[in-house]
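For reference, final.cif is printed below; it contains mmCIF, C-alpha atoms and all ligand atoms.
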data_protein
loop_
_atom_site.label_atom_id
_atom_site.label_comp_id
_atom_site.auth_asym_id
_atom_site.auth_seq_id
_atom_site.Cartn_x
_atom_site.Cartn_y
_atom_site.Cartn_z
CA MET A 1159 -26.21 -5.90 -29.48
CA MET A 1160 -27.52 -6.18 -25.93
CA GLU A 1161 -30.82 -5.42 -24.28
CA LEU A 1162 -30.65 -2.41 -22.00
CA GLU A 1163 -31.75 -4.29 -18.86
CA ARG A 1164 -29.13 -6.98 -19.47
CA LEU A 1165 -26.47 -4.39 -20.19
CA LEU A 1166 -27.22 -2.58 -16.91
CA ARG A 1167 -27.13 -5.83 -15.01
CA SER A 1168 -23.68 -6.63 -16.44
CA GLN A 1169 -22.46 -3.24 -15.20
CA GLY A 1170 -23.53 -3.81 -11.58
CA PHE A 1171 -26.89 -2.07 -11.40
CA GLY A 1172 -28.69 -5.01 -9.85
CA SER A 1173 -30.65 -8.04 -10.96
CA ARG A 1174 -32.34 -8.06 -14.33
CA ALA A 1175 -35.68 -7.22 -12.65
CA GLU A 1176 -34.09 -4.35 -10.71
CA CYS A 1177 -32.52 -2.99 -13.90
CA ARG A 1178 -35.83 -3.26 -15.73
CA ALA A 1179 -37.47 -1.27 -12.90
CA LEU A 1180 -34.75 1.41 -13.17
CA VAL A 1181 -35.39 1.79 -16.90
CA CYS A 1182 -39.18 1.84 -16.54
CA ALA A 1183 -38.89 4.48 -13.83
CA GLN A 1184 -37.10 6.71 -16.40
CA ARG A 1185 -33.92 6.82 -14.38
CA VAL A 1186 -31.69 5.74 -17.28
CA ARG A 1187 -30.35 7.74 -20.21
CA VAL A 1188 -28.39 6.23 -23.06
CA ARG A 1189 -26.01 8.47 -25.02
CA GLY A 1190 -27.79 11.42 -23.42
CA GLN A 1191 -31.31 10.31 -24.41
CA LEU A 1192 -33.91 9.07 -21.96
CA CYS A 1193 -34.70 5.41 -22.68
CA ASP A 1194 -37.56 3.70 -20.84
CA GLU A 1195 -37.63 0.49 -22.88
CA PRO A 1196 -35.83 -2.26 -20.98
CA LEU A 1197 -35.56 -4.44 -24.09
CA ALA A 1198 -34.16 -1.73 -26.38
CA GLN A 1199 -30.99 -3.06 -28.01
CA PHE A 1200 -27.63 -1.30 -27.95
CA GLU A 1201 -24.14 -2.12 -29.10
CA PRO A 1202 -22.37 -2.20 -25.72
CA ASP A 1203 -18.79 -1.38 -26.80
CA GLY A 1204 -18.02 2.20 -25.82
CA LEU A 1205 -21.65 2.92 -24.93
CA THR A 1206 -22.16 5.80 -22.51
CA PHE A 1207 -25.19 5.84 -20.26
CA ALA A 1208 -26.34 7.52 -17.07
CA VAL A 1209 -28.24 6.17 -14.08
CA ASP A 1210 -29.84 8.82 -11.87
CA GLY A 1211 -27.68 11.42 -13.61
CA GLU A 1212 -24.38 9.62 -12.97
CA SER A 1213 -22.45 8.82 -16.16
CA TRP A 1214 -20.86 5.48 -16.96
CA THR A 1215 -19.19 3.85 -19.93
CA TYR A 1216 -19.88 0.20 -20.68
CA ARG A 1217 -16.90 -1.97 -19.72
CA LYS A 1218 -16.66 -5.70 -20.28
CA PHE A 1219 -14.25 -5.84 -17.35
CA VAL A 1220 -13.31 -3.10 -14.96
CA TYR A 1221 -9.79 -2.37 -13.76
CA VAL A 1222 -9.22 0.31 -11.18
CA ALA A 1223 -6.25 1.63 -9.24
CA LEU A 1224 -6.90 2.55 -5.62
CA ASN A 1225 -4.47 4.52 -3.51
CA LYS A 1226 -5.01 2.54 -0.35
CA PRO A 1227 -4.92 4.60 2.81
CA ALA A 1228 -3.63 3.19 6.10
CA GLY A 1229 -6.28 1.74 8.38
CA TYR A 1230 -8.27 -0.17 5.73
CA GLU A 1231 -8.47 -3.95 5.37
CA CYS A 1232 -8.44 -5.75 2.01
CA SER A 1233 -11.35 -7.94 3.02
CA HIS A 1234 -15.08 -8.07 2.46
CA ARG A 1235 -15.44 -8.92 6.14
CA PRO A 1236 -12.98 -6.67 7.90
CA GLN A 1237 -12.27 -7.30 11.57
CA HIS A 1238 -10.72 -4.14 12.95
CA HIS A 1239 -10.89 -1.44 10.29
CA PRO A 1240 -13.17 -0.39 7.44
CA SER A 1241 -12.88 -2.35 4.20
CA VAL A 1242 -11.13 -1.05 1.08
CA TYR A 1243 -14.32 -2.07 -0.70
CA SER A 1244 -16.16 0.71 1.13
CA LEU A 1245 -14.08 3.13 -1.00
CA LEU A 1246 -15.62 1.92 -4.30
CA PRO A 1247 -19.04 2.68 -5.78
CA GLN A 1248 -21.81 0.16 -5.29
CA ALA A 1249 -21.97 -0.69 -9.02
CA LEU A 1250 -18.35 -1.90 -8.96
CA LEU A 1251 -18.97 -4.02 -5.88
CA ARG A 1252 -22.12 -5.54 -7.33
CA ARG A 1253 -20.23 -6.69 -10.41
CA GLY A 1254 -17.76 -8.53 -8.19
CA VAL A 1255 -14.67 -6.35 -8.21
CA GLN A 1256 -11.88 -7.90 -6.09
CA ALA A 1257 -8.50 -6.70 -4.90
CA VAL A 1258 -5.59 -8.19 -6.84
CA GLY A 1259 -3.67 -9.62 -3.88
CA ARG A 1260 -3.89 -8.00 -0.47
CA LEU A 1261 -2.10 -5.28 1.39
CA ASP A 1262 -1.89 -5.23 5.19
CA ALA A 1263 -4.17 -2.80 6.99
CA ASP A 1264 -1.25 -0.46 7.74
CA THR A 1265 0.24 -0.66 4.19
CA THR A 1266 -0.53 2.20 1.81
CA GLY A 1267 -0.32 2.73 -1.94
CA LEU A 1268 -1.23 1.00 -5.16
CA LEU A 1269 -3.96 -1.63 -5.04
CA LEU A 1270 -5.41 -2.98 -8.29
CA MET A 1271 -9.02 -4.04 -8.30
CA THR A 1272 -10.89 -5.86 -11.04
CA ASP A 1273 -13.68 -8.28 -11.89
CA ASP A 1274 -11.49 -10.02 -14.47
CA GLY A 1275 -10.63 -13.33 -12.82
CA GLN A 1276 -8.01 -14.23 -15.43
CA PHE A 1277 -6.24 -10.96 -14.78
CA VAL A 1278 -6.21 -11.61 -11.03
CA HIS A 1279 -4.78 -15.03 -11.66
CA ALA A 1280 -2.11 -13.73 -14.04
CA CYS A 1281 -1.06 -11.02 -11.58
CA THR A 1282 -0.93 -13.24 -8.53
CA SER A 1283 0.46 -16.44 -10.02
CA PRO A 1284 3.93 -17.05 -8.55
CA ARG A 1285 5.07 -18.28 -11.97
CA LYS A 1286 4.45 -14.89 -13.60
CA LEU A 1287 6.99 -13.06 -11.43
CA VAL A 1288 5.10 -9.78 -11.42
CA ALA A 1289 7.29 -7.15 -9.74
CA LYS A 1290 5.83 -5.26 -6.79
CA VAL A 1291 7.81 -2.19 -5.76
CA TYR A 1292 7.61 -0.93 -2.17
CA GLU A 1293 9.03 1.99 -0.33
CA VAL A 1294 9.94 0.58 3.05
CA GLY A 1295 10.51 2.69 6.14
CA THR A 1296 12.66 0.83 8.68
CA ARG A 1297 13.00 1.06 12.44
CA HIS A 1298 16.79 0.67 12.42
CA PRO A 1299 19.28 2.20 9.98
CA VAL A 1300 19.82 0.00 6.93
CA ASP A 1301 23.38 -0.98 6.20
CA ASP A 1302 25.01 -2.50 3.13
CA ALA A 1303 25.05 -5.91 4.77
CA GLN A 1304 21.26 -5.86 5.13
CA VAL A 1305 20.81 -4.83 1.50
CA ALA A 1306 23.09 -7.70 0.47
CA VAL A 1307 21.14 -10.15 2.63
CA LEU A 1308 17.84 -9.08 1.05
CA LEU A 1309 19.30 -9.43 -2.44
CA ASN A 1310 20.90 -12.80 -1.74
CA GLY A 1311 17.78 -14.24 -0.14
CA VAL A 1312 16.45 -14.75 3.35
CA CYS A 1313 14.97 -17.92 4.87
CA LEU A 1314 11.35 -17.58 5.97
CA HIS A 1315 10.09 -20.39 8.10
CA ASP A 1316 7.21 -21.49 5.83
CA GLU A 1317 9.05 -21.08 2.53
CA PRO A 1318 10.96 -24.04 1.12
CA THR A 1319 13.63 -21.90 -0.54
CA ALA A 1320 15.27 -18.59 0.33
CA VAL A 1321 13.31 -15.52 -0.78
CA ALA A 1322 15.35 -12.81 -2.49
CA ALA A 1323 14.44 -9.26 -3.38
CA ALA A 1324 14.48 -8.70 -7.16
CA ALA A 1325 15.96 -5.25 -6.45
CA CYS A 1326 16.88 -3.34 -3.33
CA GLU A 1327 18.18 0.18 -3.12
CA ARG A 1328 18.83 2.30 -0.06
CA LEU A 1329 17.07 5.66 -0.35
CA ASP A 1330 18.39 7.01 2.94
CA ASP A 1331 19.31 5.78 6.39
CA ARG A 1332 15.94 4.29 7.14
CA ARG A 1333 14.31 3.95 3.73
CA LEU A 1334 14.56 1.25 1.08
CA LEU A 1335 13.15 0.77 -2.39
CA LEU A 1336 12.44 -2.94 -2.48
CA THR A 1337 11.12 -5.04 -5.37
CA VAL A 1338 9.66 -8.50 -4.79
CA THR A 1339 7.99 -10.89 -7.19
CA LEU A 1340 6.23 -13.19 -4.72
CA GLY A 1341 2.95 -12.22 -3.08
CA LYS A 1342 2.99 -13.88 0.33
CA TYR A 1343 1.40 -12.91 3.61
CA HIS A 1344 3.44 -10.15 5.31
CA LEU A 1345 6.25 -10.90 2.84
CA VAL A 1346 8.16 -7.64 3.08
CA LYS A 1347 7.76 -7.42 6.85
CA ARG A 1348 9.03 -10.97 7.24
CA MET A 1349 11.95 -10.39 4.87
CA LEU A 1350 13.04 -7.29 6.75
CA ALA A 1351 12.72 -9.10 10.07
CA ALA A 1352 14.82 -11.96 8.72
CA ALA A 1353 17.45 -9.43 7.64
CA GLY A 1354 17.60 -8.08 11.21
CA ASN A 1355 15.50 -4.95 10.80
CA ARG A 1356 11.83 -4.06 11.16
CA VAL A 1357 9.26 -2.42 8.88
CA GLU A 1358 7.84 0.79 10.27
CA SER A 1359 5.99 1.89 7.13
CA LEU A 1360 5.19 0.23 3.83
CA HIS A 1361 3.97 1.93 0.69
CA ARG A 1362 3.45 0.18 -2.67
CA LEU A 1363 4.65 2.30 -5.56
CA ALA A 1364 4.14 -0.03 -8.52
CA ILE A 1365 2.89 -3.37 -9.78
CA GLY A 1366 4.40 -4.69 -12.99
CA GLY A 1367 4.71 -1.73 -15.33
CA LEU A 1368 2.05 0.30 -13.54
CA ALA A 1369 3.12 3.02 -11.11
CA LEU A 1370 0.77 4.57 -8.56
CA PRO A 1371 -0.72 7.47 -10.57
CA PRO A 1372 0.84 10.64 -9.11
CA GLY A 1373 -2.40 12.62 -8.85
CA LEU A 1374 -4.31 9.86 -7.08
CA SER A 1375 -4.73 10.83 -3.43
CA PRO A 1376 -5.12 8.31 -0.61
CA GLY A 1377 -8.62 6.84 -0.49
CA HIS A 1378 -9.32 7.67 -4.16
CA TRP A 1379 -9.58 5.35 -7.12
CA MET A 1380 -9.41 5.76 -10.91
CA TRP A 1381 -10.25 3.73 -13.98
CA LEU A 1382 -7.39 1.97 -15.72
CA GLU A 1383 -7.56 1.22 -19.40
CA ALA A 1384 -6.30 -2.07 -20.82
CA ASP A 1385 -3.18 -0.47 -22.31
CA GLN A 1386 -2.10 0.81 -18.88
CA LEU A 1387 -2.00 -2.72 -17.55
CA GLY A 1388 1.34 -3.84 -18.93
CA LEU A 1389 0.41 -7.38 -18.04
CA ARG A 1390 -2.85 -7.52 -19.82
CA GLN A 1391 -1.52 -8.03 -23.32
CA ASP A 1392 0.78 -10.82 -22.14
CA PHE A 1393 -1.57 -12.78 -20.02
CA ARG A 1394 -4.24 -13.38 -22.66
CA ARG A 1395 -1.78 -14.90 -25.11
N1 LIG B 1401 4.46 -7.22 2.37
C1 LIG B 1401 3.97 -7.01 3.63
O1 LIG B 1401 4.59 -7.40 4.60
N2 LIG B 1401 2.80 -6.35 3.73
C2 LIG B 1401 2.11 -5.87 2.68
O2 LIG B 1401 1.05 -5.26 2.85
C3 LIG B 1401 2.63 -6.10 1.38
C4 LIG B 1401 3.81 -6.78 1.27
#

How does the structure come out when it is put into structure tokens?
Amino acid sequence: MMELERLLRSQGFGSRAECRALVCAQRVRVRGQLCDEPLAQFEPDGLTFAVDGESWTYRKFVYVALNKPAGYECSHRPQHHPSVYSLLPQALLRRGVQAVGRLDADTTGLLLMTDDGQFVHACTSPRKLVAKVYEVGTRHPVDDAQVAVLLNGVCLHDEPTAVAAAACERLDDRRLLLTVTLGKYHLVKRMLAAAGNRVESLHRLAIGGLALPPGLSPGHWMWLEADQLGLRQDFRR
């Protein structure tokens, strides 16, 4: 059981005092009923509540998929573009939701965001070999030799060993489906450059077992449940 003001605080509605004020101002409903007692106790699991008419379900951790549009930076302090965090509701930001790895400002597609630090670690640890699948648009036509080079491994100047694509398939003259397991700065762009080509567009289609949900338009986000995160079961073992 959890006191309502503490429960609201855990869900990103402000400090304990701010949450108490919300409840006392009759701005909170729990399971459809107005509740103005900040210390009222509720079992948090699966609890639905509303703040100012907006409905929420209690979540110990949040996991969301964002379809990142081009022209957004994965930073809380963006330099040249708006931040991806500006696309999420305030309550998610206040509970400390972070991007799982970063995409470049011009890269589009699947970005996972969560406040579960262990999950971030499990997804980004180089030892876990989580597959990231990208559709890569190239400046020059891709030939078989370039595909072979990417699969065999390319030397990047700050990497001690050659970096190989886990999979690489030519979709057409200037489009590749490329899977990598590392998560390094500009990795795909640097790999393509090392293979003698150049990335013109980059779109992430999947992370681990999770594909970009087809109905999710650019700039929109959706909740993910634990069973959609193929990794989640593994990483807590
Ligand atoms: N590789 C890149 O070069 N950029 C990205 O945004 C992701 C992978």

List as a PDB file with C-alpha atoms, in the frame of the given file the protein and nucleic acid residues near Ala1249 (chain A), meaning an atom at most 10 Å away when all atoms listed in the file are counted, but skip any in the same chain fewer than 4 places from it.
ATOM      1  CA  LEU A1166     -27.220  -2.580 -16.910  1.00  0.00           C
ATOM      2  CA  ARG A1167     -27.130  -5.830 -15.010  1.00  0.00           C
ATOM      3  CA  SER A1168     -23.680  -6.630 -16.440  1.00  0.00           C
ATOM      4  CA  GLN A1169     -22.460  -3.240 -15.200  1.00  0.00           C
ATOM      5  CA  GLY A1170     -23.530  -3.810 -11.580  1.00  0.00           C
ATOM      6  CA  PHE A1171     -26.890  -2.070 -11.400  1.00  0.00           C
ATOM      7  CA  GLY A1172     -28.690  -5.010  -9.850  1.00  0.00           C
ATOM      8  CA  ARG A1253     -20.230  -6.690 -10.410  1.00  0.00           C
ATOM      9  CA  GLY A1254     -17.760  -8.530  -8.190  1.00  0.00           C
ATOM     10  CA  VAL A1255     -14.670  -6.350  -8.210  1.00  0.00           C
TER      11      VAL A1255
END

Determine the axis-aligned bounding box of all atoms of ligand LIG 1401 (chain B) present in the file, pad each side by 4 Å, and express its centre and edge lengths in Å to one decimal place as lines of an AutoDock Vina configuration file.
center_x = 2.8
center_y = -6.3
center_z = 2.9
size_x = 11.5
size_y = 10.1
size_z = 11.3

In terms of the shortest atom-to-atom distance over all atoms listed in the file, which of A:Ser1213, A:Asn1310, A:Gln1276, A:Thr1337 is closest to ligand LIG 1401 (chain B)? A:Thr1337

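Closest approach to ligand LIG 1401 (chain B) from the set A:His1315, A:Lys1286, A:Arg1260, A:His1239 is made by A:Arg1260, with distances taken over all atoms listed in the file.
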
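Taking all atoms listed in the file, the non-local environment of Leu1370 (chain A) within 8 Å (same-chain residues fewer than 5 positions away omitted) comprises Ala1223, Asn1225, Gly1267, Leu1268, Arg1362, Leu1363 and Ala1364 of chain A.
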
Any chance you can output those residues with C-alpha atoms as a PDB file, in the coordinates of the input?
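Contents of the output file part_39.pdb:
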ATOM      1  CA  ALA A1223      -6.250   1.630  -9.240  1.00  0.00           C
ATOM      2  CA  ASN A1225      -4.470   4.520  -3.510  1.00  0.00           C
ATOM      3  CA  GLY A1267      -0.320   2.730  -1.940  1.00  0.00           C
ATOM      4  CA  LEU A1268      -1.230   1.000  -5.160  1.00  0.00           C
ATOM      5  CA  ARG A1362       3.450   0.180  -2.670  1.00  0.00           C
ATOM      6  CA  LEU A1363       4.650   2.300  -5.560  1.00  0.00           C
ATOM      7  CA  ALA A1364       4.140  -0.030  -8.520  1.00  0.00           C
TER       8      ALA A1364
END

Rows by chain and residue number, chain A within 12 Å of ligand LIG 1401 (chain B), shortest pair, only C-alpha atoms and all ligand atoms, as a Markdown table:
| residue | atom | partner | partner_atom | distance |
| --- | --- | --- | --- | --- |
| A:Lys1226 | CA | B:LIG1401 | O2 | 10.4 |
| A:Pro1227 | CA | B:LIG1401 | O2 | 11.5 |
| A:Ala1228 | CA | B:LIG1401 | O2 | 10.2 |
| A:Gly1229 | CA | B:LIG1401 | O2 | 11.5 |
| A:Tyr1230 | CA | B:LIG1401 | O2 | 11.0 |
| A:Glu1231 | CA | B:LIG1401 | O2 | 9.9 |
| A:Cys1232 | CA | B:LIG1401 | O2 | 9.5 |
| A:Val1258 | CA | B:LIG1401 | C3 | 11.8 |
| A:Gly1259 | CA | B:LIG1401 | C3 | 8.9 |
| A:Arg1260 | CA | B:LIG1401 | O2 | 6.6 |
| A:Leu1261 | CA | B:LIG1401 | O2 | 3.5 |
| A:Asp1262 | CA | B:LIG1401 | O2 | 3.8 |
| A:Ala1263 | CA | B:LIG1401 | O2 | 7.1 |
| A:Asp1264 | CA | B:LIG1401 | O2 | 7.2 |
| A:Thr1265 | CA | B:LIG1401 | O2 | 4.9 |
| A:Thr1266 | CA | B:LIG1401 | O2 | 7.7 |
| A:Gly1267 | CA | B:LIG1401 | O2 | 9.4 |
| A:Leu1268 | CA | B:LIG1401 | C3 | 10.4 |
| A:Leu1269 | CA | B:LIG1401 | O2 | 10.0 |
| A:Ala1289 | CA | B:LIG1401 | C4 | 11.6 |
| A:Lys1290 | CA | B:LIG1401 | C4 | 8.4 |
| A:Val1291 | CA | B:LIG1401 | C4 | 9.3 |
| A:Tyr1292 | CA | B:LIG1401 | C4 | 7.8 |
| A:Glu1293 | CA | B:LIG1401 | C4 | 10.3 |
| A:Val1294 | CA | B:LIG1401 | N1 | 9.6 |
| A:Gly1295 | CA | B:LIG1401 | O1 | 11.8 |
| A:Ala1323 | CA | B:LIG1401 | N1 | 11.7 |
| A:Leu1336 | CA | B:LIG1401 | C4 | 10.2 |
| A:Thr1337 | CA | B:LIG1401 | C4 | 10.0 |
| A:Val1338 | CA | B:LIG1401 | C4 | 8.6 |
| A:Thr1339 | CA | B:LIG1401 | C4 | 10.3 |
| A:Leu1340 | CA | B:LIG1401 | C4 | 9.1 |
| A:Gly1341 | CA | B:LIG1401 | C4 | 7.0 |
| A:Lys1342 | CA | B:LIG1401 | N1 | 7.1 |
| A:Tyr1343 | CA | B:LIG1401 | C1 | 6.4 |
| A:His1344 | CA | B:LIG1401 | O1 | 3.1 |
| A:Leu1345 | CA | B:LIG1401 | N1 | 4.1 |
| A:Val1346 | CA | B:LIG1401 | N1 | 3.8 |
| A:Lys1347 | CA | B:LIG1401 | O1 | 3.9 |
| A:Arg1348 | CA | B:LIG1401 | O1 | 6.3 |
| A:Met1349 | CA | B:LIG1401 | O1 | 7.9 |
| A:Leu1350 | CA | B:LIG1401 | O1 | 8.7 |
| A:Ala1351 | CA | B:LIG1401 | O1 | 9.9 |
| A:Ala1352 | CA | B:LIG1401 | O1 | 11.9 |
| A:Arg1356 | CA | B:LIG1401 | O1 | 10.3 |
| A:Val1357 | CA | B:LIG1401 | O1 | 8.1 |
| A:Glu1358 | CA | B:LIG1401 | O1 | 10.5 |
| A:Ser1359 | CA | B:LIG1401 | N2 | 9.5 |
| A:Leu1360 | CA | B:LIG1401 | C2 | 6.9 |
| A:His1361 | CA | B:LIG1401 | O2 | 8.1 |
| A:Arg1362 | CA | B:LIG1401 | C3 | 7.5 |
| A:Leu1363 | CA | B:LIG1401 | C3 | 11.1 |
| A:Ala1364 | CA | B:LIG1401 | C3 | 11.7 |
| A:Ile1365 | CA | B:LIG1401 | C3 | 11.5 |

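Of the listed residues (A:Tyr1221, A:Tyr1243, A:Phe1207, A:Trp1379), A:Tyr1221 comes nearest to Thr1272 (chain A); the distances count all atoms listed in the file.
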
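The interatomic distance for the pair CA of Pro1196 (chain A) and CA of Arg1217 (chain A) works out to 19.0 Å.
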
Name the residues, using the chain letters and numbers of the file, that sit within 9 Å of (-30.1, 7.6, -16.4) when counting only C-alpha atoms, and give them as number ranges by chain. A: 1180-1181, 1184-1188, 1190-1193, 1207-1213

Could you name the residues that touch Gln1386 (chain A) at 10 Å or less, counting only C-alpha atoms, but leaving out those on the same chain fewer than 5 positions away, as an mmCIF file with C-alpha atoms, keeping the file's coordinate frame?
data_model
loop_
_atom_site.group_PDB
_atom_site.id
_atom_site.type_symbol
_atom_site.label_atom_id
_atom_site.label_comp_id
_atom_site.auth_asym_id
_atom_site.auth_seq_id
_atom_site.Cartn_x
_atom_site.Cartn_y
_atom_site.Cartn_z
ATOM 1 C CA TYR A 1221 -9.790 -2.370 -13.760
ATOM 2 C CA GLY A 1367 4.710 -1.730 -15.330
ATOM 3 C CA LEU A 1368 2.050 0.300 -13.540
ATOM 4 C CA ALA A 1369 3.120 3.020 -11.110
ATOM 5 C CA TRP A 1381 -10.250 3.730 -13.980
ATOM 6 C CA GLN A 1391 -1.520 -8.030 -23.320
#

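Note that CA of Lys1218 (chain A) and CA of Leu1387 (chain A) are 15.2 Å apart.
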
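One finds CA of Asp1273 (chain A) at 13.6 Å from CA of Glu1383 (chain A).
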
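Excluding Glu1163 (chain A) itself and same-chain residues fewer than 5 positions from it, the residues having an atom within 6 Å of it are Arg1174, Cys1177, Arg1178 and Pro1196 of chain A, counting only C-alpha atoms.
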
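Candidate residues A:Ala1353, A:Val1307, A:Ala1325, A:Val1220 were compared for distance to Arg1252 (chain A), and the nearest is A:Val1220, using only C-alpha atoms.
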
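Nearest to Ala1280 (chain A) of all the residues A:Gly1377, A:Gly1204, A:Leu1309, A:Gly1366 is A:Gly1366, counting only C-alpha atoms.
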
Using only C-alpha atoms, find the one residue out of A:Leu1162, A:Leu1224, A:Gly1311, A:Val1300 that sits nearest to Glu1195 (chain A). A:Leu1162

Can you take the partial region 1236-1257 of chain A, add N, CA and C atoms, and return it as a PDB file, in the frame of the given file?
ATOM      1  N   PRO A1236     -14.102  -7.163   7.102  1.00  0.00           N
ATOM      2  CA  PRO A1236     -12.980  -6.670   7.900  1.00  0.00           C
ATOM      3  C   PRO A1236     -13.239  -6.876   9.392  1.00  0.00           C
ATOM      4  N   GLN A1237     -12.142  -7.007  10.135  1.00  0.00           N
ATOM      5  CA  GLN A1237     -12.270  -7.300  11.570  1.00  0.00           C
ATOM      6  C   GLN A1237     -12.081  -6.060  12.428  1.00  0.00           C
ATOM      7  N   HIS A1238     -11.088  -5.236  12.045  1.00  0.00           N
ATOM      8  CA  HIS A1238     -10.720  -4.140  12.950  1.00  0.00           C
ATOM      9  C   HIS A1238     -10.804  -2.767  12.311  1.00  0.00           C
ATOM     10  N   HIS A1239     -10.929  -2.722  11.003  1.00  0.00           N
ATOM     11  CA  HIS A1239     -10.890  -1.440  10.290  1.00  0.00           C
ATOM     12  C   HIS A1239     -11.971  -1.483   9.217  1.00  0.00           C
ATOM     13  N   PRO A1240     -12.262  -0.329   8.600  1.00  0.00           N
ATOM     14  CA  PRO A1240     -13.170  -0.390   7.440  1.00  0.00           C
ATOM     15  C   PRO A1240     -12.528  -1.169   6.283  1.00  0.00           C
ATOM     16  N   SER A1241     -13.352  -1.571   5.349  1.00  0.00           N
ATOM     17  CA  SER A1241     -12.880  -2.350   4.200  1.00  0.00           C
ATOM     18  C   SER A1241     -12.489  -1.429   3.054  1.00  0.00           C
ATOM     19  N   VAL A1242     -11.467  -1.827   2.290  1.00  0.00           N
ATOM     20  CA  VAL A1242     -11.130  -1.050   1.080  1.00  0.00           C
ATOM     21  C   VAL A1242     -12.322  -1.003   0.124  1.00  0.00           C
ATOM     22  N   TYR A1243     -13.180  -2.043   0.216  1.00  0.00           N
ATOM     23  CA  TYR A1243     -14.320  -2.070  -0.700  1.00  0.00           C
ATOM     24  C   TYR A1243     -15.318  -0.948  -0.407  1.00  0.00           C
ATOM     25  N   SER A1244     -15.246  -0.404   0.807  1.00  0.00           N
ATOM     26  CA  SER A1244     -16.160   0.710   1.130  1.00  0.00           C
ATOM     27  C   SER A1244     -15.739   1.981   0.377  1.00  0.00           C
ATOM     28  N   LEU A1245     -14.556   1.946  -0.267  1.00  0.00           N
ATOM     29  CA  LEU A1245     -14.080   3.130  -1.000  1.00  0.00           C
ATOM     30  C   LEU A1245     -14.516   3.120  -2.469  1.00  0.00           C
ATOM     31  N   LEU A1246     -15.198   2.040  -2.884  1.00  0.00           N
ATOM     32  CA  LEU A1246     -15.620   1.920  -4.300  1.00  0.00           C
ATOM     33  C   LEU A1246     -17.129   2.117  -4.423  1.00  0.00           C
ATOM     34  N   PRO A1247     -17.591   2.559  -5.600  1.00  0.00           N
ATOM     35  CA  PRO A1247     -19.040   2.680  -5.780  1.00  0.00           C
ATOM     36  C   PRO A1247     -19.738   1.324  -5.790  1.00  0.00           C
ATOM     37  N   GLN A1248     -20.992   1.365  -5.399  1.00  0.00           N
ATOM     38  CA  GLN A1248     -21.810   0.160  -5.290  1.00  0.00           C
ATOM     39  C   GLN A1248     -21.821  -0.658  -6.595  1.00  0.00           C
ATOM     40  N   ALA A1249     -21.886   0.046  -7.737  1.00  0.00           N
ATOM     41  CA  ALA A1249     -21.970  -0.690  -9.020  1.00  0.00           C
ATOM     42  C   ALA A1249     -20.726  -1.546  -9.236  1.00  0.00           C
ATOM     43  N   LEU A1250     -19.567  -1.089  -8.799  1.00  0.00           N
ATOM     44  CA  LEU A1250     -18.350  -1.900  -8.960  1.00  0.00           C
ATOM     45  C   LEU A1250     -18.383  -3.104  -8.027  1.00  0.00           C
ATOM     46  N   LEU A1251     -18.901  -2.899  -6.829  1.00  0.00           N
ATOM     47  CA  LEU A1251     -18.970  -4.020  -5.880  1.00  0.00           C
ATOM     48  C   LEU A1251     -19.954  -5.062  -6.370  1.00  0.00           C
ATOM     49  N   ARG A1252     -21.079  -4.592  -6.904  1.00  0.00           N
ATOM     50  CA  ARG A1252     -22.120  -5.540  -7.330  1.00  0.00           C
ATOM     51  C   ARG A1252     -21.666  -6.355  -8.523  1.00  0.00           C
ATOM     52  N   ARG A1253     -20.710  -5.855  -9.303  1.00  0.00           N
ATOM     53  CA  ARG A1253     -20.230  -6.690 -10.410  1.00  0.00           C
ATOM     54  C   ARG A1253     -19.050  -7.544  -9.990  1.00  0.00           C
ATOM     55  N   GLY A1254     -18.723  -7.547  -8.714  1.00  0.00           N
ATOM     56  CA  GLY A1254     -17.760  -8.530  -8.190  1.00  0.00           C
ATOM     57  C   GLY A1254     -16.309  -8.102  -8.263  1.00  0.00           C
ATOM     58  N   VAL A1255     -16.058  -6.816  -8.178  1.00  0.00           N
ATOM     59  CA  VAL A1255     -14.670  -6.350  -8.210  1.00  0.00           C
ATOM     60  C   VAL A1255     -13.926  -6.835  -6.953  1.00  0.00           C
ATOM     61  N   GLN A1256     -12.720  -7.352  -7.173  1.00  0.00           N
ATOM     62  CA  GLN A1256     -11.880  -7.900  -6.090  1.00  0.00           C
ATOM     63  C   GLN A1256     -10.517  -7.227  -6.103  1.00  0.00           C
ATOM     64  N   ALA A1257      -9.886  -7.183  -4.950  1.00  0.00           N
ATOM     65  CA  ALA A1257      -8.500  -6.700  -4.900  1.00  0.00           C
ATOM     66  C   ALA A1257      -7.587  -7.750  -5.526  1.00  0.00           C
TER      67      ALA A1257
END
